[in-house]
>>> print(open('coords_0.pdb').read())   # PDB, C-alpha atoms and all ligand atoms
ATOM      1  CA  MET A   1     -13.190 -11.661 -19.521
ATOM      2  CA  THR A   2     -12.087 -13.321 -16.316
ATOM      3  CA  ARG A   3     -13.557 -11.961 -13.125
ATOM      4  CA  VAL A   4     -12.308 -12.154  -9.599
ATOM      5  CA  ARG A   5     -14.539 -14.893  -8.251
ATOM      6  CA  ARG A   6     -14.646 -15.071  -4.537
ATOM      7  CA  TYR A   7     -17.478 -15.630  -2.151
ATOM      8  CA  TYR A   8     -17.986 -12.163  -0.777
ATOM      9  CA  GLU A   9     -17.955 -12.021   3.018
ATOM     10  CA  GLY A  10     -16.778  -8.555   3.921
ATOM     11  CA  GLY A  11     -13.889  -7.300   5.982
ATOM     12  CA  TRP A  12     -12.289  -5.813   2.855
ATOM     13  CA  TYR A  13     -10.850  -2.313   2.871
ATOM     14  CA  PHE A  14      -9.057  -0.110   0.389
ATOM     15  CA  PHE A  15      -6.410   2.231   1.836
ATOM     16  CA  THR A  16      -4.268   5.070   0.565
ATOM     17  CA  VAL A  17      -1.385   6.179   2.774
ATOM     18  CA  CYS A  18       0.890   9.099   1.850
ATOM     19  CA  THR A  19       4.336  10.260   2.893
ATOM     20  CA  HIS A  20       4.791  13.515   4.802
ATOM     21  CA  LYS A  21       4.827  16.399   2.308
ATOM     22  CA  ARG A  22       4.674  13.752  -0.413
ATOM     23  CA  GLN A  23       8.399  13.041  -0.165
ATOM     24  CA  LYS A  24       9.318  10.550  -2.880
ATOM     25  CA  ILE A  25      11.106   8.060  -0.638
ATOM     26  CA  LEU A  26       8.951   4.954  -0.233
ATOM     27  CA  THR A  27      10.662   3.016  -3.029
ATOM     28  CA  ARG A  28      14.129   3.617  -1.557
ATOM     29  CA  PRO A  29      15.516   0.138  -0.712
ATOM     30  CA  ASP A  30      16.024   0.820   3.024
ATOM     31  CA  VAL A  31      12.536   2.352   3.377
ATOM     32  CA  LEU A  32      10.947  -0.568   1.482
ATOM     33  CA  ALA A  33      12.781  -3.042   3.726
ATOM     34  CA  ALA A  34      11.657  -1.181   6.864
ATOM     35  CA  LEU A  35       8.077  -1.088   5.592
ATOM     36  CA  ARG A  36       8.134  -4.785   4.748
ATOM     37  CA  SER A  37       9.288  -5.801   8.230
ATOM     38  CA  ALA A  38       6.851  -3.362   9.864
ATOM     39  CA  VAL A  39       3.993  -5.030   7.955
ATOM     40  CA  LYS A  40       5.182  -8.530   8.908
ATOM     41  CA  GLU A  41       5.538  -7.602  12.574
ATOM     42  CA  THR A  42       2.114  -5.921  12.647
ATOM     43  CA  MET A  43       0.473  -8.969  11.052
ATOM     44  CA  GLN A  44       1.738 -11.149  13.896
ATOM     45  CA  THR A  45      -0.143  -9.216  16.583
ATOM     46  CA  HIS A  46      -2.991  -7.817  14.423
ATOM     47  CA  PRO A  47      -3.647 -10.217  11.538
ATOM     48  CA  PHE A  48      -4.822  -9.152   8.089
ATOM     49  CA  GLU A  49      -4.723 -10.539   4.577
ATOM     50  CA  ILE A  50      -3.069  -8.667   1.733
ATOM     51  CA  GLU A  51      -5.123  -8.838  -1.450
ATOM     52  CA  ALA A  52      -3.185  -6.005  -3.149
ATOM     53  CA  TRP A  53      -0.246  -3.831  -2.060
ATOM     54  CA  ILE A  54       1.321  -1.292  -4.385
ATOM     55  CA  VAL A  55       4.027   1.143  -3.333
ATOM     56  CA  MET A  56       4.537   4.419  -5.233
ATOM     57  CA  PRO A  57       7.407   6.780  -4.348
ATOM     58  CA  ASP A  58       5.155   9.113  -2.316
ATOM     59  CA  HIS A  59       2.144   6.965  -1.379
ATOM     60  CA  LEU A  60       0.859   3.437  -1.231
ATOM     61  CA  HIS A  61      -2.436   1.759  -2.061
ATOM     62  CA  CYS A  62      -3.606  -1.545  -0.682
ATOM     63  CA  VAL A  63      -6.622  -3.793  -0.308
ATOM     64  CA  LEU A  64      -6.614  -5.641   2.990
ATOM     65  CA  ARG A  65      -8.954  -8.026   4.680
ATOM     66  CA  ILE A  66      -9.315  -7.282   8.377
ATOM     67  CA  MET A  67     -11.680  -9.416  10.426
ATOM     68  CA  ASP A  68     -12.030  -7.211  13.527
ATOM     69  CA  THR A  69     -12.976  -3.568  14.023
ATOM     70  CA  ASN A  70      -9.599  -2.328  15.210
ATOM     71  CA  VAL A  71      -8.414  -1.116  11.825
ATOM     72  CA  PRO A  72      -6.521   2.054  12.944
ATOM     73  CA  VAL A  73      -4.127   0.142  15.213
ATOM     74  CA  ARG A  74      -2.705  -1.602  12.144
ATOM     75  CA  TRP A  75      -1.706   1.654  10.494
ATOM     76  CA  ALA A  76      -0.475   3.191  13.738
ATOM     77  CA  LYS A  77       1.819   0.217  14.205
ATOM     78  CA  ILE A  78       2.993  -0.089  10.591
ATOM     79  CA  LYS A  79       3.814   3.624  10.465
ATOM     80  CA  ALA A  80       5.555   3.737  13.851
ATOM     81  CA  LEU A  81       7.648   0.617  13.200
ATOM     82  CA  THR A  82       8.726   1.860   9.767
ATOM     83  CA  SER A  83       9.842   5.241  11.149
ATOM     84  CA  LYS A  84      11.579   3.613  14.107
ATOM     85  CA  ALA A  85      13.668   1.416  11.799
ATOM     86  CA  LEU A  86      15.020   4.407   9.853
ATOM     87  CA  PRO A  87      17.494   6.611  11.761
ATOM     88  CA  GLU A  88      16.523   9.811   9.929
ATOM     89  CA  PHE A  89      12.876   9.410  10.975
ATOM     90  CA  SER A  90      13.274   7.735  14.356
ATOM     91  CA  SER A  91      12.265   9.844  17.365
ATOM     92  CA  LYS A  92      14.261   7.501  19.622
ATOM     93  CA  ASN A  93      17.327   8.429  17.648
ATOM     94  CA  TYR A  94      16.359  12.089  17.962
ATOM     95  CA  ASN A  95      16.286  11.956  21.779
ATOM     96  CA  THR A  96      19.610  10.166  22.024
ATOM     97  CA  HIS A  97      21.572  12.276  19.616
ATOM     98  CA  TYR A  98      20.020  15.714  19.774
ATOM     99  CA  LYS A  99      20.200  16.658  23.454
ATOM    100  CA  ASN A 100      21.838  19.955  22.775
ATOM    101  CA  LYS A 101      19.100  22.625  22.754
ATOM    102  CA  SER A 102      20.079  24.365  19.552
ATOM    103  CA  ARG A 103      20.243  21.055  17.786
ATOM    104  CA  GLN A 104      16.832  20.122  19.204
ATOM    105  CA  LYS A 105      15.362  22.904  17.104
ATOM    106  CA  ARG A 106      16.382  20.956  14.052
ATOM    107  CA  ARG A 107      13.291  18.838  14.005
ATOM    108  CA  LEU A 108      13.500  15.377  12.602
ATOM    109  CA  ASN A 109      11.673  14.864   9.386
ATOM    110  CA  SER A 110       8.451  12.834   9.457
ATOM    111  CA  LEU A 111       8.096   9.870   7.185
ATOM    112  CA  TRP A 112       4.301   9.595   7.037
ATOM    113  CA  GLN A 113       1.488  12.045   6.515
ATOM    114  CA  LYS A 114      -0.965  11.962   9.420
ATOM    115  CA  GLY A 115      -3.957   9.692   8.928
ATOM    116  CA  TYR A 116      -4.871   7.686   5.847
ATOM    117  CA  TRP A 117      -7.708   7.338   3.390
ATOM    118  CA  GLU A 118      -9.980   4.343   3.904
ATOM    119  CA  HIS A 119     -12.863   2.901   1.940
ATOM    120  CA  THR A 120     -14.939  -0.078   3.057
ATOM    121  CA  ILE A 121     -15.485  -2.397   0.110
ATOM    122  CA  ARG A 122     -19.128  -3.364  -0.044
ATOM    123  CA  ASN A 123     -19.374  -6.116  -2.638
ATOM    124  CA  GLU A 124     -17.455  -8.329  -5.034
ATOM    125  CA  LYS A 125     -17.658  -5.871  -7.888
ATOM    126  CA  GLU A 126     -16.079  -3.128  -5.774
ATOM    127  CA  LEU A 127     -13.399  -5.551  -4.663
ATOM    128  CA  TYR A 128     -12.544  -6.215  -8.289
ATOM    129  CA  MET A 129     -12.486  -2.488  -9.096
ATOM    130  CA  TYR A 130     -10.226  -1.558  -6.189
ATOM    131  CA  LEU A 131      -7.826  -4.441  -6.824
ATOM    132  CA  LEU A 132      -7.544  -3.307 -10.395
ATOM    133  CA  TYR A 133      -7.137   0.304  -9.309
ATOM    134  CA  CYS A 134      -4.189  -0.730  -7.102
ATOM    135  CA  CYS A 135      -2.492  -2.847  -9.762
ATOM    136  CA  PHE A 136      -2.995  -0.216 -12.460
ATOM    137  CA  ASN A 137      -1.751   2.661 -10.287
ATOM    138  CA  PRO A 138       1.896   2.707 -11.522
ATOM    139  CA  VAL A 139       0.521   3.150 -15.062
ATOM    140  CA  LYS A 140      -1.966   5.801 -13.909
ATOM    141  CA  HIS A 141       0.888   7.775 -12.338
ATOM    142  CA  ARG A 142       2.949   7.230 -15.519
ATOM    143  CA  TYR A 143       5.860   5.392 -13.954
ATOM    144  CA  VAL A 144       5.476   2.470 -16.389
ATOM    145  CA  SER A 145       3.350   1.699 -19.455
ATOM    146  CA  ASN A 146       2.426  -1.824 -18.371
ATOM    147  CA  ALA A 147       1.624  -2.567 -14.728
ATOM    148  CA  THR A 148       3.782  -5.733 -14.634
ATOM    149  CA  GLU A 149       6.891  -3.554 -15.110
ATOM    150  CA  TRP A 150       6.413  -2.006 -11.664
ATOM    151  CA  PRO A 151       8.390  -4.028  -9.096
ATOM    152  CA  TYR A 152       6.753  -2.692  -5.907
ATOM    153  CA  SER A 153       3.432  -4.415  -6.431
ATOM    154  CA  THR A 154       1.656  -7.674  -5.633
ATOM    155  CA  LEU A 155       0.695  -7.961  -9.314
ATOM    156  CA  ASN A 156       3.448 -10.285 -10.607
ATOM    157  CA  GLN A 157       3.532 -12.484  -7.515
ATOM    158  CA  TYR A 158      -0.256 -12.872  -7.408
ATOM    159  CA  LEU A 159      -0.410 -13.565 -11.141
ATOM    160  CA  ARG A 160       2.103 -16.374 -10.600
ATOM    161  CA  ASN A 161       0.065 -17.989  -7.810
ATOM    162  CA  ARG A 162      -3.211 -17.302  -9.663
ATOM    163  CA  ARG A 163      -4.757 -14.988  -7.111
ATOM    164  CA  TYR A 164      -5.371 -12.546  -9.968
ATOM    165  CA  PRO A 165      -6.913 -13.402 -13.353
ATOM    166  CA  ALA A 166      -4.252 -14.171 -16.013
ATOM    167  CA  ASP A 167      -5.352 -11.296 -18.268
ATOM    168  CA  TRP A 168      -4.242  -8.806 -15.586
ATOM    169  CA  ALA A 169      -0.733  -9.421 -16.960
ATOM    170  CA  HIS A 170      -1.644  -6.927 -19.677
ATOM    171  CA  ILE A 171      -2.884  -4.008 -17.628
ATOM    172  CA  ASN A 172      -2.243  -0.815 -19.522
ATOM    173  CA  GLU A 173      -4.390   2.179 -20.360
ATOM    174  CA  SER A 174      -6.268   0.615 -23.282
ATOM    175  CA  TRP A 175      -6.792  -2.666 -21.423
ATOM    176  CA  VAL A 176      -8.363  -0.863 -18.496
ATOM    177  CA  ASP A 177     -10.670   1.160 -20.753
ATOM    178  CA  SER A 178     -12.071  -1.872 -22.541
ATOM    179  CA  ASN A 179     -12.166  -4.286 -19.594
ATOM    180  CA  LEU A 180     -13.618  -1.990 -16.981
ATOM    181  CA  ALA A 181     -16.258  -0.926 -19.483
ATOM    182  CA  ALA A 182     -17.066  -4.595 -20.097
ATOM    183  CA  TYR A 183     -17.266  -5.274 -16.381
ATOM    184  CA  ASP A 184     -19.653  -2.403 -15.753
ATOM    185  CA  PRO A 185     -23.051  -3.552 -17.066
TER     186      PRO A 185
HETATM  187 NI    NI A 201      -1.912   6.450  -6.561
END
>>> encode(input="coords_0.pdb", output="structure tokens")
Amino acid sequence: MTRVRRYYEGGWYFFTVCTHKRQKILTRPDVLAALRSAVKETMQTHPFEIEAWIVMPDHLHCVLRIMDTNVPVRWAKIKALTSKALPEFSSKNYNTHYKNKSRQKRRLNSLWQKGYWEHTIRNEKELYMYLLYCCFNPVKHRYVSNATEWPYSTLNQYLRNRRYPADWAHINESWVDSNLAAYDP
């Protein structure tokens, strides 16, 4: 099988970020657009590389390469910018439009769950495993039977520009069973 071959230097992290109360809203077109621009804007001031990014309706998984220690500022910024761009989650909007005291009690909904789950990837094998975990996630959560059918994923784009091995085009349950077993000596 083809492996992800990359000189391993570190700086790789796996993240899971969830929506508040696991609302299934992340794949809504306006939320996706807000998230996309929040990521772009954050990358300009706090650079990182995206090795995998998969959006599920109520959470996202990604593998990022970050070359400094200020990891939390990235998520603080991505989350804040996404919320700010969406009127129903924007606190700025709340202050402007809800000055009346009784209406102030109607708290604005939060978009994101507080915090996030982070794992530091320690070697090339782990990098491979977590990339695969991300790409396979839509199948794991039973949204699709083959991972390439899920549109909110780096899988198809990175297959096209050969950042992922060509056989990842066939990621489904049986493929994962046989290939991960083969990868694990
Ligand atoms: Ni998941």
>>> residues_near_ligand(input="coords_0.pdb", ligand="ligand NI 201 (chain A)", cutoff="7 Å", atoms="all atoms listed in the file", output="PDB file with C-alpha atoms, in the coordinates of the input")
ATOM      1  CA  MET A  56       4.537   4.419  -5.233  1.00  0.00           C
ATOM      2  CA  HIS A  59       2.144   6.965  -1.379  1.00  0.00           C
ATOM      3  CA  LEU A  60       0.859   3.437  -1.231  1.00  0.00           C
ATOM      4  CA  HIS A  61      -2.436   1.759  -2.061  1.00  0.00           C
ATOM      5  CA  ASN A 137      -1.751   2.661 -10.287  1.00  0.00           C
ATOM      6  CA  HIS A 141       0.888   7.775 -12.338  1.00  0.00           C
TER       7      HIS A 141
END
>>> resolve_selection(input="coords_0.pdb", expression="the PyMOL selection byres (((chain A and resi 155-164) around 10) and not hetatm)", output="ChimeraX atom specification")
/A:2-5,51-54,128,131-132,134-136,147-154,165-169,171
>>> resolve_selection(input="coords_0.pdb", expression="the PyMOL selection byres (((chain A and resi 43) around 12) and not hetatm)", output="PyMOL selection string")
chain A and resi 36-42+44-50+64-66+71+73-75+77-78
>>> resolve_selection(input="coords_0.pdb", expression="the PyMOL selection byres (((chain A and resi 34) around 9) and not hetatm)", output="PyMOL selection string")
chain A and resi 29-33+35-39+81-86
>>> atom_distance(input="coords_0.pdb", atom1="atom CA of A:Asn146", atom2="atom CA of A:Ser174")
10.3 Å
>>> atom_distance(input="coords_0.pdb", atom1="atom CA of A:Phe89", atom2="atom CA of A:Trp112")
9.4 Å
>>> atom_distance(input="coords_0.pdb", atom1="atom CA of A:Arg28", atom2="atom CA of A:Pro57")
7.9 Å
>>> axis_aligned_box(input="coords_0.pdb", around="stretch 132-142 of chain A", padding_each_side="3 Å", output="AutoDock Vina command-line options")
--center_x -2.3 --center_y 2.2 --center_z -11.3 --size_x 16.5 --size_y 17.1 --size_z 14.4
>>> build_atoms(input="coords_0.pdb", residues="stretch 70-93 of chain A", atoms="N, CA and C atoms", output="compact mmCIF listing (two decimals), in the coordinates of the input")
# COMPACT_ATOMS: atom_id res chain seq x y z
N ASN A 70 -10.72 -3.19 14.84
CA ASN A 70 -9.60 -2.33 15.21
C ASN A 70 -8.66 -2.08 14.03
N VAL A 71 -9.19 -1.40 13.03
CA VAL A 71 -8.41 -1.12 11.82
C VAL A 71 -7.28 -0.10 12.09
N PRO A 72 -7.56 1.01 12.81
CA PRO A 72 -6.52 2.05 12.94
C PRO A 72 -5.23 1.58 13.62
N VAL A 73 -5.33 0.59 14.52
CA VAL A 73 -4.13 0.14 15.21
C VAL A 73 -3.11 -0.45 14.22
N ARG A 74 -3.62 -1.04 13.15
CA ARG A 74 -2.70 -1.60 12.14
C ARG A 74 -1.83 -0.50 11.55
N TRP A 75 -2.48 0.58 11.13
CA TRP A 75 -1.71 1.65 10.49
C TRP A 75 -0.82 2.38 11.49
N ALA A 76 -1.31 2.54 12.72
CA ALA A 76 -0.48 3.19 13.74
C ALA A 76 0.81 2.39 13.92
N LYS A 77 0.66 1.08 13.97
CA LYS A 77 1.82 0.22 14.20
C LYS A 77 2.75 0.16 12.99
N ILE A 78 2.17 -0.01 11.81
CA ILE A 78 2.99 -0.09 10.59
C ILE A 78 3.80 1.20 10.43
N LYS A 79 3.13 2.33 10.63
CA LYS A 79 3.81 3.62 10.46
C LYS A 79 4.91 3.81 11.51
N ALA A 80 4.58 3.52 12.78
CA ALA A 80 5.56 3.74 13.85
C ALA A 80 6.77 2.83 13.69
N LEU A 81 6.54 1.55 13.34
CA LEU A 81 7.65 0.62 13.20
C LEU A 81 8.54 0.98 12.02
N THR A 82 7.93 1.46 10.93
CA THR A 82 8.73 1.86 9.77
C THR A 82 9.63 3.03 10.13
N SER A 83 9.05 4.06 10.77
CA SER A 83 9.84 5.24 11.15
C SER A 83 10.96 4.86 12.12
N LYS A 84 10.61 4.00 13.07
CA LYS A 84 11.58 3.61 14.11
C LYS A 84 12.80 2.91 13.50
N ALA A 85 12.57 2.18 12.41
CA ALA A 85 13.67 1.42 11.80
C ALA A 85 14.61 2.29 10.96
N LEU A 86 14.21 3.54 10.72
CA LEU A 86 15.02 4.41 9.85
C LEU A 86 15.58 5.57 10.68
N PRO A 87 16.89 5.61 10.88
CA PRO A 87 17.49 6.61 11.76
C PRO A 87 17.04 8.05 11.48
N GLU A 88 16.89 8.43 10.24
CA GLU A 88 16.52 9.81 9.93
C GLU A 88 15.09 10.17 10.33
N PHE A 89 14.27 9.15 10.59
CA PHE A 89 12.88 9.41 10.98
C PHE A 89 12.55 8.94 12.39
N SER A 90 13.53 8.35 13.06
CA SER A 90 13.27 7.74 14.36
C SER A 90 13.36 8.75 15.49
N SER A 91 12.28 8.87 16.27
CA SER A 91 12.26 9.84 17.36
C SER A 91 13.17 9.38 18.50
N LYS A 92 13.37 8.06 18.62
CA LYS A 92 14.26 7.50 19.62
C LYS A 92 15.68 8.00 19.35
N ASN A 93 16.04 7.95 18.10
CA ASN A 93 17.33 8.43 17.65
C ASN A 93 17.47 9.93 17.94
